[in-house]
Amino acid sequence: MLIPVVIMLVVATKTRNIFLGIFVGLVLGIITGLACGLFPAAAIFANDPAHNQAVGFLVTGVNSMLGTVGLVIAVFGIMGVLTEAGMLDHLVEKSLDSKLGATPRGSEILCLLGIALTTFIFGGVTSASILTFGPVLNKVGAARGIHPYRRANLLTSSANSLPATIPFMSVFVFIGAALTGLSPITVALGTVYAVTLFATMLVAVLTGWGLIFEGRDGEALRTPLPQE
């Protein structure tokens, strides 16, 4: 079953289309599982007459994603309102016009604080915070010539670190506390990876470690292009 996963990663990387990669991986995984007898066809999709419902991992997968789909639709609605109201462009302009945002390092500090605060507001739901603050971070970083790879790492790494594990706000901490019976503070203190990742990104931003800039053809540069 590792072969479909490897093919999925290769397709997603080569085509830069994660949806195509997931589709190919899912189809090949089903074919491989059936051919090797790892699961019956009924495990994929079947009717359960006793409970009058459809069952199978395809049904379970769709049901599990409905909450996330609803959240994403709501977030895009919020983004639409903010965009039409000019709020996102206003945030970008204020960031770039500030003293801190005048340099690449200062812009990265603002972006780090911005995505951290947005993730905190959304209760640690990183998909919502990334969708909301991502366009702002992208425009601020692009204006200072920061490479898209660096912008993507700053956005996702900062969101999926300490801000997503604040004990009195994070939905994931609450879920962990409910499942384990531990207090939210105990669960949050156990998220060593999140704390370490945030510390790593903070050091990278403050020191310029790993900072790369975008060239005219999209190549990675160690120094920014001269302003025209």
# chains A, B, ... in the order shown; residues from 1 in each chain; ligands from 1
>>> select_by_dssp(residues="stretch 3-224 of chain A", states="strand (DSSP E)", output="PyMOL selection string")
chain A and resi 46-48+53-55+213-214+220-221
>>> select_by_dssp(residues="stretch 3-210 of chain A", states="helix (DSSP H, G or I)", output="PyMOL selection string")
chain A and resi 3-15+18-35+41-43+57-84+87-97+100-102+104-121+126-143+148-159+162-165+171-180+184-189+192-207
>>> residues_around(residues="A:Leu100", least_positions_apart="5", cutoff="12 Å", atoms="only C-alpha atoms", output="VMD selection string")
chain A and resid 94 to 95 105 to 111 113 140
>>> residues_around(residues="A:Pro224", least_positions_apart="5", cutoff="10 Å", atoms="only C-alpha atoms", output="count of residues only")
9
>>> residues_around(residues="A:Leu28", least_positions_apart="3", cutoff="12 Å", atoms="only C-alpha atoms", output="number ranges by chain")
A: 1-8, 21-25, 31-36
>>> residues_around(residues="A:Ser129", least_positions_apart="2", cutoff="9 Å", atoms="only C-alpha atoms", output="ChimeraX atom specification")
/A:75,115-122,124-127,131-134,159
>>> residues_around(residues="stretch 193-195 of chain A", least_positions_apart="4", cutoff="9 Å", atoms="only C-alpha atoms", output="PyMOL selection string")
chain A and resi 160-165+189+199-200
>>> atom_distance(atom1="atom CA of A:Gly190", atom2="atom CA of A:Ala178")
14.8 Å
>>> decode(residues="stretch 126-175 of chain A", atoms="N, CA and C atoms", output="tab-separated table (two decimals), in the first residue's frame")
chain	number	residue	atom	x	y	z
A	126	THR	N	-6.32	25.96	11.94
A	126	THR	CA	-5.30	26.54	11.06
A	126	THR	C	-5.77	26.68	9.62
A	127	SER	N	-6.65	25.80	9.17
A	127	SER	CA	-7.14	25.93	7.80
A	127	SER	C	-7.85	27.27	7.61
A	128	ALA	N	-8.65	27.65	8.59
A	128	ALA	CA	-9.38	28.92	8.51
A	128	ALA	C	-8.43	30.11	8.61
A	129	SER	N	-7.46	30.04	9.51
A	129	SER	CA	-6.54	31.17	9.69
A	129	SER	C	-5.64	31.34	8.47
A	130	ILE	N	-5.19	30.23	7.88
A	130	ILE	CA	-4.33	30.31	6.70
A	130	ILE	C	-5.09	30.90	5.52
A	131	LEU	N	-6.34	30.47	5.35
A	131	LEU	CA	-7.15	31.00	4.25
A	131	LEU	C	-7.43	32.49	4.44
A	132	THR	N	-7.59	32.91	5.68
A	132	THR	CA	-7.94	34.31	5.96
A	132	THR	C	-6.73	35.23	5.84
A	133	PHE	N	-5.62	34.87	6.51
A	133	PHE	CA	-4.47	35.77	6.55
A	133	PHE	C	-3.48	35.50	5.42
A	134	GLY	N	-3.62	34.37	4.75
A	134	GLY	CA	-2.68	34.03	3.69
A	134	GLY	C	-2.52	35.10	2.62
A	135	PRO	N	-3.62	35.66	2.09
A	135	PRO	CA	-3.48	36.70	1.06
A	135	PRO	C	-2.72	37.93	1.55
A	136	VAL	N	-2.92	38.31	2.82
A	136	VAL	CA	-2.21	39.46	3.38
A	136	VAL	C	-0.72	39.16	3.46
A	137	LEU	N	-0.38	38.01	4.02
A	137	LEU	CA	1.03	37.64	4.15
A	137	LEU	C	1.68	37.53	2.78
A	138	ASN	N	0.96	37.00	1.81
A	138	ASN	CA	1.52	36.83	0.47
A	138	ASN	C	1.84	38.17	-0.18
A	139	LYS	N	0.94	39.13	-0.03
A	139	LYS	CA	1.16	40.45	-0.64
A	139	LYS	C	2.28	41.21	0.06
A	140	VAL	N	2.32	41.14	1.38
A	140	VAL	CA	3.37	41.82	2.13
A	140	VAL	C	4.73	41.22	1.79
A	141	GLY	N	4.81	39.90	1.78
A	141	GLY	CA	6.07	39.24	1.46
A	141	GLY	C	6.52	39.51	0.04
A	142	ALA	N	5.58	39.49	-0.89
A	142	ALA	CA	5.92	39.74	-2.30
A	142	ALA	C	6.43	41.17	-2.49
A	143	ALA	N	5.85	42.11	-1.77
A	143	ALA	CA	6.27	43.51	-1.88
A	143	ALA	C	7.71	43.71	-1.42
A	144	ARG	N	8.19	42.85	-0.53
A	144	ARG	CA	9.56	42.95	-0.03
A	144	ARG	C	10.48	41.94	-0.73
A	145	GLY	N	9.98	41.31	-1.78
A	145	GLY	CA	10.80	40.42	-2.59
A	145	GLY	C	11.07	39.07	-1.97
A	146	ILE	N	10.36	38.72	-0.91
A	146	ILE	CA	10.59	37.43	-0.24
A	146	ILE	C	10.07	36.30	-1.13
A	147	HIS	N	10.85	35.24	-1.24
A	147	HIS	CA	10.51	34.14	-2.14
A	147	HIS	C	9.23	33.44	-1.69
A	148	PRO	N	8.41	32.97	-2.65
A	148	PRO	CA	7.17	32.27	-2.28
A	148	PRO	C	7.39	31.06	-1.39
A	149	TYR	N	8.53	30.34	-1.54
A	149	TYR	CA	8.80	29.21	-0.66
A	149	TYR	C	8.91	29.66	0.79
A	150	ARG	N	9.60	30.76	0.99
A	150	ARG	CA	9.77	31.30	2.34
A	150	ARG	C	8.43	31.78	2.89
A	151	ARG	N	7.64	32.43	2.06
A	151	ARG	CA	6.33	32.90	2.50
A	151	ARG	C	5.44	31.73	2.91
A	152	ALA	N	5.45	30.67	2.11
A	152	ALA	CA	4.62	29.50	2.41
A	152	ALA	C	5.07	28.84	3.72
A	153	ASN	N	6.38	28.72	3.90
A	153	ASN	CA	6.89	28.12	5.14
A	153	ASN	C	6.53	28.97	6.36
A	154	LEU	N	6.67	30.29	6.21
A	154	LEU	CA	6.34	31.19	7.31
A	154	LEU	C	4.87	31.09	7.67
A	155	LEU	N	4.01	31.03	6.66
A	155	LEU	CA	2.57	30.98	6.89
A	155	LEU	C	2.15	29.69	7.57
A	156	THR	N	2.49	28.56	6.98
A	156	THR	CA	2.00	27.28	7.49
A	156	THR	C	2.69	26.86	8.78
A	157	SER	N	3.99	27.09	8.86
A	157	SER	CA	4.71	26.68	10.07
A	157	SER	C	4.29	27.50	11.28
A	158	SER	N	4.11	28.79	11.08
A	158	SER	CA	3.70	29.64	12.21
A	158	SER	C	2.29	29.32	12.65
A	159	ALA	N	1.41	29.05	11.70
A	159	ALA	CA	0.02	28.75	12.05
A	159	ALA	C	-0.10	27.42	12.79
A	160	ASN	N	0.67	26.42	12.34
A	160	ASN	CA	0.57	25.09	12.93
A	160	ASN	C	1.54	24.88	14.08
A	161	SER	N	1.78	25.92	14.85
A	161	SER	CA	2.71	25.81	15.98
A	161	SER	C	2.03	26.28	17.27
A	162	LEU	N	2.69	27.07	18.02
A	162	LEU	CA	2.19	27.49	19.34
A	162	LEU	C	0.80	28.13	19.30
A	163	PRO	N	0.49	29.02	18.33
A	163	PRO	CA	-0.84	29.65	18.33
A	163	PRO	C	-2.00	28.66	18.24
A	164	ALA	N	-1.74	27.45	17.70
A	164	ALA	CA	-2.80	26.45	17.57
A	164	ALA	C	-2.98	25.60	18.82
A	165	THR	N	-2.17	25.86	19.84
A	165	THR	CA	-2.23	25.02	21.05
A	165	THR	C	-2.43	25.84	22.32
A	166	ILE	N	-2.96	27.07	22.19
A	166	ILE	CA	-3.23	27.87	23.38
A	166	ILE	C	-4.33	27.17	24.18
A	167	PRO	N	-4.08	26.83	25.44
A	167	PRO	CA	-5.00	25.95	26.19
A	167	PRO	C	-6.41	26.46	26.36
A	168	PHE	N	-6.62	27.78	26.43
A	168	PHE	CA	-7.98	28.28	26.68
A	168	PHE	C	-8.68	28.73	25.39
A	169	MET	N	-8.06	28.43	24.22
A	169	MET	CA	-8.68	28.81	22.95
A	169	MET	C	-8.69	27.69	21.92
A	170	SER	N	-7.71	26.81	21.96
A	170	SER	CA	-7.54	25.83	20.89
A	170	SER	C	-8.57	24.72	20.95
A	171	VAL	N	-9.27	24.51	19.85
A	171	VAL	CA	-10.24	23.43	19.77
A	171	VAL	C	-9.55	22.07	19.84
A	172	PHE	N	-8.32	21.99	19.32
A	172	PHE	CA	-7.58	20.73	19.36
A	172	PHE	C	-7.18	20.35	20.78
A	173	VAL	N	-6.84	21.35	21.58
A	173	VAL	CA	-6.51	21.09	22.97
A	173	VAL	C	-7.74	20.62	23.72
A	174	PHE	N	-8.88	21.24	23.45
A	174	PHE	CA	-10.13	20.82	24.10
A	174	PHE	C	-10.49	19.39	23.72
A	175	ILE	N	-10.31	19.05	22.46
A	175	ILE	CA	-10.59	17.68	22.01
A	175	ILE	C	-9.63	16.70	22.70
